[in-house]
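Student: Following this message is one structure expressed as structure tokens.
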Amino acid sequence: MKRRRVNIRMPALGGQGAVTAAHIIATAADYEGYYAVSNPFFGAEKRMAPAESYARIGMEPIFDRGEVVYPDVIMVFHPQVITMGKSYTMPFYSGIKRKGLIIINTEEDLLTEEDKERLEQLDVKVFNFPATKFAIDIAGTELSTNMAMIGALFGAIGVVGVEAIEEGIKSRFLKKFVASGGTASLDSALERKFKKKLELIEKNLNTAKAAYELAQKWAQENGIEAFLPPPPKRVAV
Amino acid sequence: MQTILDTVTYNRAGQKVVSPDYLLFEAPRTKHFMTGSEAVKEAVKRASVDASVSYPITPQSEAAHLIGELWVEGYVGVYFRGESEFGVMSELAGCAMAGARAITTTSGPGTLRAMENFPMWAGTRIPVQLVLMARGVNSPLSIQPDNLEVSFMLDTGCMIWYAENAQDLFDMILAGFVVAEQPDVHVPVVSVVDGFFVSHTREAIMLPPDDIALPPYNPYKAPMPVIDAEVPPGRFLRDPFVMKSNYISYATHASWQWEVRSAIERSRPYAKHYLRGLAEEFGDPEAEILFVACGTAAAQAKEAVRLLEDEGIKARVLKLKTIRPFPTEELIEATKNAKYVFVPEFNVVGWLEREVKSRLYGLSNAEIIGGPRVAGGMTMPAEVIVHEVMKLTGKEVKHVI
């Protein structure tokens with residue numbers, strides 16, 4: 001059965017920007033011409049505690065809300081999601097669908113033989129991708145880890161192009177945006193750190209683009225087809 | 001009564017005043033991508049709001065904060081923080097009694113803390129609006145979506161409307177003022193959404209331009225006079241004989257309670273017009289499997305209808321947009337061909353199931369199943385709904401997940 005929806009689950013640690021990533025992913029997919037929705041999962045999150053957010057991309061209007069219990073794609077933002085069980089679901093890949101994809105921000109293989117066996121049975125591909133290292137190398141800060149993860153996602157699933165990613169990132173950082181009081185103060189802290197907003201965007205874009213290309217190559221080598229048909233034609237409004 | 005307020009062409013923010021019909025149905029709309037909280041801001045921005053009082057509680061804090069920004073920008077006349085939710089709802093009543101169009105937001109424990117005020121709002125006949133972003137209220141503490149609190153609101157004498165998504169919420173907030181302020185209605189309206197599922201979800205929404213707005217509230221059309229500081233006592237205490245222990249005071253109290261509920265009934269034609277129906281259907285109109293739901297439960301049921309279609313099973317959803325008034329006729333009509341009626345809900349008690357069963361008592365041969373039901377913040381995946389439906393209707397599950 002051909003996919004008509006990609007459900008993405010992003011287990012991360014508080015402070016890594018998974019909520020921001022979900023919003024950028026959905027905005028970019030919307031710009032590309034798909035239907036898209038994003039949402040965070042909020043508990044009493046704090047830095048380094050488990051945090052999770054979700055994005056849904058589809059060929060038809062999306063009604064579905066809440067946690068993604070049966071994901072097509074899981075983006076693991078931090079090794080501790082796996083090594084320390086900082087995940088809302090155990091194992092972190094619970095509910096993953098057949099022919100799914102897992103992107104793990106890691107420099108080494110973190111899966112056990114049992115994990116690998118189960119994922120292989122489901123024909124799930126695993127992409128070990130050192131996103132934080134990547135962010136430090138290209139943007140000069142680990143804060144761009146989420147941008148590397150966004151690039152890797154779209155490179156691997158092949159439904160949203162670089163232009164749309166750029167649009168998503170710009171709309172997040174250039175428009176007046178309030179996710180929460182906490183995020184607003186984080187934003188101003190980030191701005192001070194990077195001195196200039198535009199410089200930040202440039203770095204983020206470069207990180208996402210480089211990750212996109214790397215993941216695209218990986219997907220080609222592993223015979224992964226685009227996760228969705230081309231975007232449904234939508235009347236521009 | 002024709003007053004100067006009927007003829008204004010620009011509101012305090014300099015927005016052009018347009019008819020509610022133009023704002024809701026005719027004005028050209030453009031696509032935006034935003035959260036439910038931001039949709040609240042966009043609605044309030046176009047609603048010529050005079051007053052808003054706020055108090056922070058997850059998940060409505062952002063919406064309250066954003067209304068404060070509107071005050072800074074000059075779109076809202078008065079904005080301040082109450083000392084608690086009880087204070088907020090009392091102060092909002094004061095604003096409304098003085099003739100202001102007033103709105104606030106709250107969630108879960110905030111709703112319960114403020115509870116004494118809601119029947120007071122209704123009895124005082126103020127057309128205020130509460131945007132209720134439902135979250136858990138029980139101990140152990142949950143800040144997650146759960147709409148048990150809505151069951152406590154049902155008999156307060158307020159209209160209870162339920163939005164499914166950011167678009168619904170935007171349109172409902174505007175329509176809410178228009179319907180609540182009709183002279184023959186004039187009771188409060190509570191616009192409910194599920195916290196997080198709507199407040200924090202970012203999605204596409206179509207908005208009319210922001211340089212037009214609803215006509216300002218005209219308090220001189222209210223069925224009761226606005227507060228008059230020169231002629232005490234104030235509005236709420238103007239009928240002190242009700243406080244006496246005699247039959248006429250009991251009768252007055254009782255008849256006023258009936259009148260408040262009759263006012264909600266009188267809102268039907270207005271709500272039907274401005275909400276484009278008290279309920280809407282999704283899916284195959286001939287299907288024997290019917291979901292009756294509101295809010296996120298309706299959204300999840302719609303997804304389940306799609307998955308059931310993949311299994312070769314026809315199903316449909318009756319999404320209720322209003323709970324008070326309850327779309328009884330719409331429900332009876334929708335259940336005519338139904339064999340199974342499922343009522344999926346985000347709470348442990350099944351308050352919508354009770355509503356549905358009491359409305360259908362003796363009128364439907366369908367089997368009414370209260371569920372599936374989740375609570376405490378849990379998501380209700382469409383796959384789970386499908387699984388329950390297949391199990392209860394004795395069908396084999398082929399490829400749900």
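Chains: A, B, ... in order of the structure tokens. Residues: from 1 per chain. Ligands: from 1, in order shown.
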I need the chain B residues near chain A as a list of chain:residue names; criterion: at most 6 Å, counting only C-alpha atoms.
Tutor: B:Thr30, B:Phe197, B:His200, B:Thr201, B:Arg202, B:Glu203, B:Ala299, B:Gln300, B:Thr379
Student: Let me see the file: selected residues, C-alpha atoms, as a PDB file, in the first residue's frame.
Tutor:
ATOM      1  CA  THR B  30      -5.218  34.082   3.095  1.00  0.00           C
ATOM      2  CA  PHE B 197      -3.881  19.135  20.673  1.00  0.00           C
ATOM      3  CA  HIS B 200       0.173  23.946  20.719  1.00  0.00           C
ATOM      4  CA  THR B 201      -0.375  22.338  17.329  1.00  0.00           C
ATOM      5  CA  ARG B 202       0.832  24.328  14.339  1.00  0.00           C
ATOM      6  CA  GLU B 203      -1.303  24.044  11.232  1.00  0.00           C
ATOM      7  CA  ALA B 299     -10.472  14.633  14.447  1.00  0.00           C
ATOM      8  CA  GLN B 300      -9.249  11.178  15.438  1.00  0.00           C
ATOM      9  CA  THR B 379      -3.360  10.250  22.623  1.00  0.00           C
TER      10      THR B 379
END
Student: Please give the complete set of residues from range 54-226 of chain A that DSSP, run on the backbone, assigns to strand (DSSP E or B), formatted as a ChimeraX atom specification.
Tutor: /A:54-58,73-76,101-105,125-129
Student: Which residue, A:Ala51, A:Leu214, A:Phe227, A:Val73, has the smallest gap to Tyr93 in chain A when you use only C-alpha atoms?
Tutor: A:Val73
Student: Tell me which of B:Thr296, B:Ser48, B:Ser245, B:Ser84 sits closest to Leu70 in chain B, counting only C-alpha atoms.
Tutor: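 Selected residue with least distance to Leu70 in chain B: B:Ser48.
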Student: Could you write out, as a PyMOL selection string, all the residues of range 289-393 of chain B that DSSP marks as alpha helix (DSSP H)?
Tutor: chain B and resi 296-310+328-334+351-360+382-392
Student: Can you measure CA of Asn165 in chain B to CA of Gly151 in chain A for me? One decimal in Å is fine.
Tutor: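 Value for the CA of Asn165 in chain B-CA of Gly151 in chain A distance: 28.9 Å.
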